[in-house]
Every structure is written in C-alpha cells, then in structure tokens.
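S.K.: Following this line is input27.pdb, made up of PDB, C-alpha atoms, pLDDT in the B column:
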```
MODEL        1
ATOM      1  CA  MET U 141     101.818  82.777 115.040  1.00 82.00           C
ATOM      2  CA  SER U 142     103.432  85.900 113.569  1.00 96.00           C
ATOM      3  CA  THR U 143     103.271  89.438 114.861  1.00 98.00           C
ATOM      4  CA  ALA U 144     103.912  92.631 112.909  1.00 98.00           C
ATOM      5  CA  LYS U 145     105.827  95.402 114.675  1.00 98.00           C
ATOM      6  CA  ILE U 146     105.460  98.965 113.390  1.00 98.00           C
ATOM      7  CA  GLU U 147     107.935 101.482 114.781  1.00 98.00           C
ATOM      8  CA  THR U 148     106.714 105.095 114.489  1.00 97.00           C
ATOM      9  CA  GLY U 149     107.789 108.507 115.702  1.00 93.00           C
ATOM     10  CA  LEU U 150     105.223 108.178 118.496  1.00 96.00           C
ATOM     11  CA  GLY U 151     105.959 104.614 119.598  1.00 97.00           C
ATOM     12  CA  VAL U 152     105.406 100.990 118.599  1.00 98.00           C
ATOM     13  CA  ILE U 153     102.259  99.254 117.374  1.00 98.00           C
ATOM     14  CA  LYS U 154     102.200  95.444 117.342  1.00 98.00           C
ATOM     15  CA  PHE U 155      99.520  93.320 115.777  1.00 98.00           C
ATOM     16  CA  ARG U 156      98.877  89.618 115.520  1.00 98.00           C
ATOM     17  CA  LEU U 157      98.533  88.381 111.957  1.00 98.00           C
ATOM     18  CA  LEU U 158      95.450  86.247 111.264  1.00 98.00           C
ATOM     19  CA  PRO U 159      96.301  83.733 108.519  1.00 98.00           C
ATOM     20  CA  GLU U 160      93.242  81.660 109.418  1.00 98.00           C
ATOM     21  CA  LEU U 161      91.084  84.559 108.139  1.00 98.00           C
ATOM     22  CA  ALA U 162      93.169  85.861 105.240  1.00 98.00           C
ATOM     23  CA  PRO U 163      96.151  83.641 104.345  1.00 98.00           C
ATOM     24  CA  GLU U 164      97.078  85.458 101.115  1.00 98.00           C
ATOM     25  CA  HIS U 165      96.851  88.905 102.712  1.00 98.00           C
ATOM     26  CA  VAL U 166      99.047  87.769 105.598  1.00 98.00           C
ATOM     27  CA  ARG U 167     101.579  86.237 103.177  1.00 98.00           C
ATOM     28  CA  ASN U 168     101.606  89.455 101.148  1.00 98.00           C
ATOM     29  CA  PHE U 169     102.019  91.702 104.204  1.00 98.00           C
ATOM     30  CA  GLU U 170     104.820  89.542 105.625  1.00 98.00           C
ATOM     31  CA  SER U 171     106.639  89.515 102.288  1.00 98.00           C
ATOM     32  CA  LEU U 172     106.389  93.298 101.875  1.00 98.00           C
ATOM     33  CA  ALA U 173     107.476  93.924 105.471  1.00 98.00           C
ATOM     34  CA  ARG U 174     110.458  91.574 105.205  1.00 98.00           C
ATOM     35  CA  SER U 175     111.585  93.305 101.994  1.00 98.00           C
ATOM     36  CA  GLY U 176     111.576  96.730 103.707  1.00 98.00           C
ATOM     37  CA  PHE U 177     108.695  97.949 101.518  1.00 98.00           C
ATOM     38  CA  TYR U 178     106.896  99.690 104.411  1.00 98.00           C
ATOM     39  CA  ASP U 179     109.985 101.251 105.995  1.00 98.00           C
ATOM     40  CA  GLY U 180     109.767 105.040 105.712  1.00 97.00           C
ATOM     41  CA  THR U 181     106.121 105.149 104.613  1.00 98.00           C
ATOM     42  CA  LEU U 182     103.503 107.211 106.444  1.00 97.00           C
ATOM     43  CA  PHE U 183     100.155 106.721 107.992  1.00 98.00           C
ATOM     44  CA  HIS U 184      98.988 109.121 105.300  1.00 97.00           C
ATOM     45  CA  ARG U 185      95.254 109.142 106.009  1.00 98.00           C
ATOM     46  CA  ILE U 186      94.122 109.844 109.550  1.00 98.00           C
ATOM     47  CA  ILE U 187      90.456 110.222 110.431  1.00 98.00           C
ATOM     48  CA  PRO U 188      89.588 110.746 114.114  1.00 98.00           C
ATOM     49  CA  GLY U 189      86.861 108.414 115.324  1.00 97.00           C
ATOM     50  CA  PHE U 190      87.551 106.014 112.458  1.00 98.00           C
ATOM     51  CA  MET U 191      91.027 104.818 111.428  1.00 98.00           C
ATOM     52  CA  ILE U 192      94.641 105.442 110.396  1.00 98.00           C
ATOM     53  CA  GLN U 193      95.760 104.227 106.951  1.00 98.00           C
ATOM     54  CA  GLY U 194      99.267 103.606 105.664  1.00 98.00           C
ATOM     55  CA  GLY U 195     101.390 101.446 103.410  1.00 98.00           C
ATOM     56  CA  ASP U 196     101.637 103.643 100.312  1.00 98.00           C
ATOM     57  CA  PRO U 197     105.181 103.871  98.882  1.00 98.00           C
ATOM     58  CA  ASN U 198     104.286 107.260  97.371  1.00 97.00           C
ATOM     59  CA  THR U 199     104.396 108.734 100.885  1.00 97.00           C
ATOM     60  CA  LYS U 200     108.185 108.493 100.746  1.00 96.00           C
ATOM     61  CA  THR U 201     107.996 111.531  98.426  1.00 94.00           C
ATOM     62  CA  PRO U 202     106.817 115.051  99.265  1.00 92.00           C
ATOM     63  CA  ASN U 203     104.141 114.948  96.512  1.00 92.00           C
ATOM     64  CA  ARG U 204     101.022 114.833  98.702  1.00 92.00           C
ATOM     65  CA  GLY U 205      98.861 114.665  95.586  1.00 92.00           C
ATOM     66  CA  SER U 206     100.105 111.128  94.933  1.00 95.00           C
ATOM     67  CA  TRP U 207      99.609 109.869  98.490  1.00 96.00           C
ATOM     68  CA  GLY U 208      97.016 107.127  98.696  1.00 95.00           C
ATOM     69  CA  MET U 209      97.514 106.100  95.069  1.00 95.00           C
ATOM     70  CA  GLY U 210     100.549 103.823  95.334  1.00 97.00           C
ATOM     71  CA  GLY U 211     101.024 100.128  95.813  1.00 97.00           C
ATOM     72  CA  PRO U 212     103.378  97.216  95.271  1.00 98.00           C
ATOM     73  CA  GLY U 213     102.504  96.620  91.609  1.00 97.00           C
ATOM     74  CA  HIS U 214     100.179  93.697  92.271  1.00 97.00           C
ATOM     75  CA  ASN U 215      96.709  93.098  93.724  1.00 97.00           C
ATOM     76  CA  ILE U 216      95.293  90.446  96.041  1.00 97.00           C
ATOM     77  CA  LYS U 217      91.918  88.780  95.771  1.00 97.00           C
ATOM     78  CA  ALA U 218      89.548  89.719  98.618  1.00 98.00           C
ATOM     79  CA  GLU U 219      89.340  87.332 101.575  1.00 98.00           C
ATOM     80  CA  PHE U 220      86.263  88.579 103.419  1.00 97.00           C
ATOM     81  CA  SER U 221      85.355  86.963 106.733  1.00 97.00           C
ATOM     82  CA  SER U 222      82.828  87.321 109.513  1.00 96.00           C
ATOM     83  CA  ARG U 223      85.409  89.104 111.734  1.00 97.00           C
ATOM     84  CA  SER U 224      83.970  92.490 112.617  1.00 98.00           C
ATOM     85  CA  HIS U 225      85.830  95.777 112.195  1.00 98.00           C
ATOM     86  CA  ARG U 226      86.076  96.586 115.903  1.00 98.00           C
ATOM     87  CA  ARG U 227      88.640  98.870 117.514  1.00 98.00           C
ATOM     88  CA  GLY U 228      92.131  97.416 116.969  1.00 98.00           C
ATOM     89  CA  ILE U 229      91.353  95.461 113.802  1.00 98.00           C
ATOM     90  CA  VAL U 230      93.876  95.718 110.947  1.00 98.00           C
ATOM     91  CA  SER U 231      92.345  95.488 107.487  1.00 98.00           C
ATOM     92  CA  MET U 232      93.447  96.006 103.892  1.00 98.00           C
ATOM     93  CA  ALA U 233      92.567  99.201 102.095  1.00 98.00           C
ATOM     94  CA  ARG U 234      91.455  98.945  98.486  1.00 96.00           C
ATOM     95  CA  ALA U 235      89.901 100.841  95.603  1.00 95.00           C
ATOM     96  CA  GLN U 236      86.307 100.180  94.511  1.00 94.00           C
ATOM     97  CA  ASP U 237      87.188  96.758  93.126  1.00 96.00           C
ATOM     98  CA  PRO U 238      87.140  94.306  96.071  1.00 94.00           C
ATOM     99  CA  ASP U 239      90.161  92.533  94.533  1.00 97.00           C
ATOM    100  CA  SER U 240      92.334  95.683  94.343  1.00 97.00           C
ATOM    101  CA  ALA U 241      94.196  95.504  97.672  1.00 97.00           C
ATOM    102  CA  GLY U 242      97.987  95.615  97.434  1.00 98.00           C
ATOM    103  CA  SER U 243      99.966  97.188 100.260  1.00 98.00           C
ATOM    104  CA  GLN U 244      97.806  99.819 101.924  1.00 98.00           C
ATOM    105  CA  PHE U 245      96.174  98.877 105.202  1.00 98.00           C
ATOM    106  CA  PHE U 246      94.330 100.556 108.033  1.00 98.00           C
ATOM    107  CA  ILE U 247      93.980 100.222 111.784  1.00 98.00           C
ATOM    108  CA  VAL U 248      90.484 100.818 113.137  1.00 98.00           C
ATOM    109  CA  VAL U 249      90.526 103.188 116.140  1.00 98.00           C
ATOM    110  CA  ALA U 250      86.748 103.068 116.700  1.00 98.00           C
ATOM    111  CA  ASP U 251      84.269 100.289 115.951  1.00 98.00           C
ATOM    112  CA  SER U 252      83.435 100.498 112.222  1.00 98.00           C
ATOM    113  CA  THR U 253      81.111  97.579 111.601  1.00 97.00           C
ATOM    114  CA  PHE U 254      79.811  99.187 108.400  1.00 97.00           C
ATOM    115  CA  LEU U 255      83.047  97.866 106.814  1.00 97.00           C
ATOM    116  CA  ASP U 256      82.273  94.236 107.673  1.00 97.00           C
ATOM    117  CA  ARG U 257      82.457  91.772 104.765  1.00 96.00           C
ATOM    118  CA  GLN U 258      83.656  94.573 102.459  1.00 96.00           C
ATOM    119  CA  TYR U 259      87.307  94.788 103.511  1.00 98.00           C
ATOM    120  CA  THR U 260      89.737  91.992 104.384  1.00 98.00           C
ATOM    121  CA  VAL U 261      90.605  91.712 108.069  1.00 98.00           C
ATOM    122  CA  PHE U 262      94.115  90.266 108.460  1.00 98.00           C
ATOM    123  CA  GLY U 263      95.324  91.406 111.873  1.00 98.00           C
ATOM    124  CA  GLU U 264      94.470  92.593 115.359  1.00 98.00           C
ATOM    125  CA  VAL U 265      96.465  95.043 117.487  1.00 98.00           C
ATOM    126  CA  THR U 266      97.913  93.456 120.622  1.00 98.00           C
ATOM    127  CA  GLU U 267     100.029  96.392 121.788  1.00 98.00           C
ATOM    128  CA  GLY U 268     100.216 100.092 121.012  1.00 98.00           C
ATOM    129  CA  MET U 269      96.620 101.199 120.486  1.00 98.00           C
ATOM    130  CA  ASP U 270      97.661 104.265 122.485  1.00 98.00           C
ATOM    131  CA  VAL U 271     100.130 104.998 119.660  1.00 98.00           C
ATOM    132  CA  ALA U 272      97.389 104.646 117.029  1.00 98.00           C
ATOM    133  CA  ASP U 273      95.248 106.982 119.150  1.00 98.00           C
ATOM    134  CA  LYS U 274      98.059 109.571 119.168  1.00 98.00           C
ATOM    135  CA  ILE U 275      98.521 109.297 115.396  1.00 98.00           C
ATOM    136  CA  VAL U 276      94.808 109.687 114.651  1.00 98.00           C
ATOM    137  CA  THR U 277      94.712 112.961 116.623  1.00 97.00           C
ATOM    138  CA  LEU U 278      97.679 114.591 114.836  1.00 97.00           C
ATOM    139  CA  PRO U 279      96.887 117.843 113.032  1.00 97.00           C
ATOM    140  CA  ARG U 280      95.824 117.083 109.456  1.00 96.00           C
ATOM    141  CA  ASP U 281      95.228 118.911 106.222  1.00 95.00           C
ATOM    142  CA  SER U 282      92.004 119.028 104.190  1.00 94.00           C
ATOM    143  CA  GLY U 283      92.909 115.661 102.603  1.00 94.00           C
ATOM    144  CA  ASP U 284      93.184 113.944 106.018  1.00 97.00           C
ATOM    145  CA  CYS U 285      96.990 113.785 105.647  1.00 96.00           C
ATOM    146  CA  PRO U 286      99.076 114.405 108.780  1.00 96.00           C
ATOM    147  CA  LYS U 287     100.838 117.760 108.952  1.00 93.00           C
ATOM    148  CA  GLN U 288     103.509 116.298 111.278  1.00 87.00           C
ATOM    149  CA  GLU U 289     104.935 113.634 109.004  1.00 88.00           C
ATOM    150  CA  ASP U 290     107.775 112.428 111.239  1.00 91.00           C
ATOM    151  CA  GLU U 291     105.343 111.397 113.965  1.00 93.00           C
ATOM    152  CA  ALA U 292     103.138 109.480 111.499  1.00 96.00           C
ATOM    153  CA  ARG U 293     106.057 107.780 109.717  1.00 97.00           C
ATOM    154  CA  MET U 294     106.581 104.016 109.937  1.00 98.00           C
ATOM    155  CA  THR U 295     110.335 104.067 110.405  1.00 97.00           C
ATOM    156  CA  ARG U 296     110.517 100.271 110.397  1.00 98.00           C
ATOM    157  CA  VAL U 297     108.057  97.400 109.970  1.00 98.00           C
ATOM    158  CA  THR U 298     109.198  93.931 110.960  1.00 98.00           C
ATOM    159  CA  ILE U 299     107.700  90.477 111.390  1.00 98.00           C
ATOM    160  CA  GLU U 300     108.318  88.568 114.624  1.00 95.00           C
ATOM    161  CA  ALA U 301     107.677  84.834 114.943  1.00 83.00           C
TER     162      ALA U 301
ENDMDL
END
```
Take the structure in the file and write it out as structure tokens.
M.R.:
Amino acid sequence: MSTAKIETGLGVIKFRLLPELAPEHVRNFESLARSGFYDGTLFHRIIPGFMIQGGDPNTKTPNRGSWGMGGPGHNIKAEFSSRSHRRGIVSMARAQDPDSAGSQFFIVVADSTFLDRQYTVFGEVTEGMDVADKIVTLPRDSGDCPKQEDEARMTRVTIEA
C-alpha cells in the first residue's frame, strides 16, 4: 500500500492512497508526484471549516488570476464510490464535468458529506491533519488564496511504498 508525503512550510502531511476505490486516480497522482509535478505548488484555495485545495501548476507563478485553472494536460474519468467525505479524506477537484479531474486535489478538514458521490475519493490522511488545520487557518485574500504562500507551499511531494 502506497502513502503520499507532502512536505510544506508548516510540516508534513501523509495520506494513504486508496487504489481499491479509485485505481486510475491513484495511478495518476503517483505518476505526477514521482515526476515532480507537485513540487513547488501551493495549497491555493483554503476555506476554513471545509478544505484545502492544491495541485495546480499555475501556482508556481505569481499570477493569482490563473490559480485554480491549471492542470497536467489530461483528464481522468470519475471514479465515484460510497466513501464519505469525512475529515481527513483526500479527493480530486474538478470542473463541472465529472470527468474533468487532472491534478488538483483537496483535503477535507471538516466533514463534507454533501460532496459524496460527486467527487472521487482517492486517499485518507494518516498523519499531519494538524498541518492541514494550520494551512486552512492562514490569512487569505478574497479569492480564498493564502496570503502567506511559503507556508502553504508543497515543497516536495513523494510516494512511499
């Protein structure tokens, strides 16, 4: 079983990947992480009482207007399951089309069951929810972007066997 390790300015978040729920999403995430795709990206959308979202390559640039719009250049078909979006769940972000996920993902910091069967759950935090809690409380602008970018930055994302 694989674990993802996200190193941030505020500490480390680890989550267990769930290939039994979303094999293609797990394969995609592992591939992007191993290629260094996520290194240097931000948790660019932080909403207290809800979630932190990251994985957009556009966040490596200072153009905040493009944050939340980037991806890897491909999409993945939705893999919805009965796993509920409880605190600590890692799920893929997407546009309106259910099959539009690519690289952006979010970590649920408070139970969000209204997302169930609409977003693909592919992981569960095993360590570092305190780090996610620190990130979600960072000062943010009107677009829910963190004002303190270094603390919300994923300096390195790796996969551990």
S.K.: Of the candidates U:Leu150, U:Val271, U:Ile186, U:Ala218, which one gets nearest to Met232 of chain U if we count only C-alpha atoms?
M.R.: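 For Met232 of chain U, the nearest of the given residues is U:Ala218.
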S.K.: Could you state the separation of atom CA of Glu147 of chain U and atom CA of Leu161 of chain U in Å, given to one decimal place?
M.R.: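 The value is 24.8 Å.
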S.K.: Find, counting all atoms listed in the file, the residue in U:Met209, U:Ala233, U:Met141, U:Ile146 that gets nearest to Met269 of chain U.
M.R.: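 Among the listed residues, the smallest separation from Met269 of chain U belongs to U:Ile146.
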S.K.: Can you list, as a ChimeraX atom specification, the residues that the PyMOL selection byres ((chain U and resi 212-215) around 12) selects here?
M.R.: /U:164-165,168-169,171-173,175-178,195-198,209-211,216-218,232-235,237-244
S.K.: Got a sec to check which residues sit within 8 Å of (98.0, 90.8, 106.3), counting all atoms listed in the file, and write them as a short mmCIF file (atom, residue, chain, number, x, y, z; two decimals) with C-alpha atoms, in the coordinates of the input?
M.R.:
```cif
data_model
loop_
_atom_site.label_atom_id
_atom_site.label_comp_id
_atom_site.auth_asym_id
_atom_site.auth_seq_id
_atom_site.Cartn_x
_atom_site.Cartn_y
_atom_site.Cartn_z
CA LEU U 157 98.53 88.38 111.96
CA LEU U 158 95.45 86.25 111.26
CA PRO U 159 96.30 83.73 108.52
CA ALA U 162 93.17 85.86 105.24
CA PRO U 163 96.15 83.64 104.34
CA GLU U 164 97.08 85.46 101.12
CA HIS U 165 96.85 88.90 102.71
CA VAL U 166 99.05 87.77 105.60
CA ARG U 167 101.58 86.24 103.18
CA ASN U 168 101.61 89.46 101.15
CA PHE U 169 102.02 91.70 104.20
CA GLU U 170 104.82 89.54 105.62
CA VAL U 230 93.88 95.72 110.95
CA SER U 231 92.34 95.49 107.49
CA MET U 232 93.45 96.01 103.89
CA VAL U 261 90.60 91.71 108.07
CA PHE U 262 94.12 90.27 108.46
CA GLY U 263 95.32 91.41 111.87
#
```
S.K.: Could you give me, as a PDB file with C-alpha atoms, in the coordinates of the input, the residues within 10 Å of Leu182 of chain U, counting all atoms listed in the file and dropping anything in the same chain fewer than 6 positions from it?
M.R.:
```
ATOM      1  CA  THR U 148     106.714 105.095 114.489  1.00 97.00           C
ATOM      2  CA  ILE U 192      94.641 105.442 110.396  1.00 98.00           C
ATOM      3  CA  GLN U 193      95.760 104.227 106.951  1.00 98.00           C
ATOM      4  CA  GLY U 194      99.267 103.606 105.664  1.00 98.00           C
ATOM      5  CA  GLY U 195     101.390 101.446 103.410  1.00 98.00           C
ATOM      6  CA  ASP U 196     101.637 103.643 100.312  1.00 98.00           C
ATOM      7  CA  PRO U 197     105.181 103.871  98.882  1.00 98.00           C
ATOM      8  CA  ASN U 198     104.286 107.260  97.371  1.00 97.00           C
ATOM      9  CA  THR U 199     104.396 108.734 100.885  1.00 97.00           C
ATOM     10  CA  LYS U 200     108.185 108.493 100.746  1.00 96.00           C
ATOM     11  CA  TRP U 207      99.609 109.869  98.490  1.00 96.00           C
ATOM     12  CA  CYS U 285      96.990 113.785 105.647  1.00 96.00           C
ATOM     13  CA  PRO U 286      99.076 114.405 108.780  1.00 96.00           C
ATOM     14  CA  GLU U 289     104.935 113.634 109.004  1.00 88.00           C
ATOM     15  CA  ASP U 290     107.775 112.428 111.239  1.00 91.00           C
ATOM     16  CA  GLU U 291     105.343 111.397 113.965  1.00 93.00           C
ATOM     17  CA  ALA U 292     103.138 109.480 111.499  1.00 96.00           C
ATOM     18  CA  ARG U 293     106.057 107.780 109.717  1.00 97.00           C
ATOM     19  CA  MET U 294     106.581 104.016 109.937  1.00 98.00           C
ATOM     20  CA  THR U 295     110.335 104.067 110.405  1.00 97.00           C
TER      21      THR U 295
END
```
S.K.: Can you list what the PyMOL selection byres ((chain U and resi 222) around 8) grabs from this structure, as a list in words?
M.R.: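 So the PyMOL selection byres ((chain U and resi 222) around 8) ends up selecting Phe220, Ser221, Arg223, Ser224, Asp256 and Arg257 of chain U.
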S.K.: Determine the residue set returned by the PyMOL selection byres ((chain U and resi 144) around 6) for the present structure, and present it as a PyMOL selection string.
M.R.: chain U and resi 143+145+154-155+298-299
S.K.: Quick one: residues within 10 Å of Ala272 of chain U, only C-alpha atoms, excluding same-chain residues fewer than 2 positions away - as a PyMOL selection string?
M.R.: chain U and resi 148+150-153+183+186+191-192+228+247-249+265+267-270+274-277+292
S.K.: Quick one: what's the axis-aligned box for segment 273-290 of chain U, all listed atoms, 6 Å on every side, centre and edges in Å to one decimal, as JSON?
M.R.:
```
{"center_x": 99.9, "center_y": 113.0, "center_z": 110.9, "size_x": 27.8, "size_y": 24.0, "size_z": 28.6}
```
S.K.: Quote the spacing between atom CA of Lys287 of chain U and atom CA of Arg227 of chain U in Å to one decimal place.
M.R.: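 According to the coordinates, atom CA of Lys287 of chain U and atom CA of Arg227 of chain U are separated by 24.1 Å.
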S.K.: How many Å separate atom CA of Arg185 of chain U from atom CA of Asp281 of chain U?
M.R.: 9.8 Å
